[in-house]
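Report on the following structure.
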Amino acid sequence: MKKIIIILSLLIIVVAIGFLIAKKDQSYSATDVLENADFNVKNPTITIHTVDTDKEDIYTKIEIPEETQKKLIQAFQNAKFDKTTINPVDYDYRITISLNTGYTMYLVSDKKSLNLLSNHENYAIVNDNDFFSILEKATK
């Protein structure tokens with residue numbers, strides 16, 4: 001009887017540790033982050049504004065060529081995300097990805113993170129598929 005209790009206790013410990021490791025390493029896809037996003041729409045677009053709190057009009061729209069928009073959306077779609085926290089003072093960009101609906105978010109480029117306006121969730125982009133390098137080239 002003692003062996004069964006010891007084996008059962010060890011099994012519970014192993015399962016609990018496995019659960020904690022799996023939960024810790026959980027990352028999210030773009031469709032997890034952007035609830036109900038349909039990346040297969042006919043004409044997806046992305047609108048980008050720089051954020052500068054020192055100006056009276058803090059948002060400045062950046063014109064992005066259609067081909068660059070497609071690259072940005074594709075990179076975002078293939079990225080992986082982890083939940084994090086963000087200081088709102090650090091926002092560099094406000095972007096809206098228009099798919100089946102508009103998904104507006106604020107980005108912090110040096111920390112590779114974002115804040116979704118729809119639910120105020122914060123995510124770090126852990127595998128951005130060159131999203132931020134494409135964004136940097138497009139905004140220069």
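Naming works like this for the structure tokens: A, B, ... for the chains as they're shown, residue 1 at the start of each chain, ligands 1 onward in shown order.
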
According to DSSP computed on the backbone, where in chain A is there helix (DSSP H, G or I)? Give the residues as JSON, numbers by chain.
{"A": [2, 3, 4, 5, 6, 7, 8, 9, 10, 11, 12, 13, 14, 15, 16, 17, 18, 19, 20, 21, 22, 23, 24, 30, 31, 32, 33, 66, 67, 68, 69, 70, 71, 72, 73, 74, 75, 76, 77, 78, 88, 89, 90, 131, 132, 133, 134, 135, 136, 137, 138]}

Which residues are close to Lys80 (chain A), i.e. within 6 Å by only C-alpha atoms, leaving aside same-chain residues fewer than 2 positions away? Reply as a PDB file with N, CA, C and O atoms, in the first residue's frame.
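Output file around.pdb follows:
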```
ATOM      1  N   TYR A  28       1.179  32.105 -28.613  1.00  0.00           N
ATOM      2  CA  TYR A  28      -0.072  32.323 -29.310  1.00  0.00           C
ATOM      3  C   TYR A  28       0.205  32.617 -30.778  1.00  0.00           C
ATOM      4  O   TYR A  28       1.215  33.205 -31.123  1.00  0.00           O
ATOM      5  N   SER A  29      -0.735  32.245 -31.628  1.00  0.00           N
ATOM      6  CA  SER A  29      -0.646  32.575 -33.046  1.00  0.00           C
ATOM      7  C   SER A  29      -1.363  33.901 -33.288  1.00  0.00           C
ATOM      8  O   SER A  29      -2.047  34.426 -32.405  1.00  0.00           O
ATOM      9  N   ILE A 125       6.111  39.858 -29.354  1.00  0.00           N
ATOM     10  CA  ILE A 125       6.235  39.057 -30.566  1.00  0.00           C
ATOM     11  C   ILE A 125       7.570  38.327 -30.473  1.00  0.00           C
ATOM     12  O   ILE A 125       8.628  38.931 -30.587  1.00  0.00           O
ATOM     13  N   VAL A 126       7.503  37.021 -30.229  1.00  0.00           N
ATOM     14  CA  VAL A 126       8.715  36.245 -29.991  1.00  0.00           C
ATOM     15  C   VAL A 126       9.335  35.711 -31.276  1.00  0.00           C
ATOM     16  O   VAL A 126      10.518  35.446 -31.332  1.00  0.00           O
ATOM     17  N   ASN A 127       8.541  35.538 -32.289  1.00  0.00           N
ATOM     18  CA  ASN A 127       9.041  35.123 -33.600  1.00  0.00           C
ATOM     19  C   ASN A 127       8.313  35.973 -34.617  1.00  0.00           C
ATOM     20  O   ASN A 127       7.235  35.625 -35.072  1.00  0.00           O
TER      21      ASN A 127
END
```

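Minimum atom-to-atom distance to Lys42 (chain A), evaluated using only C-alpha atoms, belongs to A:Asn100 out of A:Gln74, A:Thr60, A:Ser113, A:Asn100.
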
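When only C-alpha atoms are used to compute distances to Thr104 (chain A), the closest of the residues A:Asp128, A:Asp32, A:Asp54, A:Glu121 turns out to be A:Glu121.
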
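When only C-alpha atoms are used to compute distances to Met105 (chain A), the closest of the residues A:Ile58, A:Ile134, A:Leu34, A:Val41 turns out to be A:Leu34.
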
Hey, which of A:Asn115, A:Ser133, A:Asn87, A:Gln77 ends up closest to Ala30 (chain A)? Count only C-alpha atoms.
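Among the listed residues, A:Gln77 lies closest to Ala30 (chain A).
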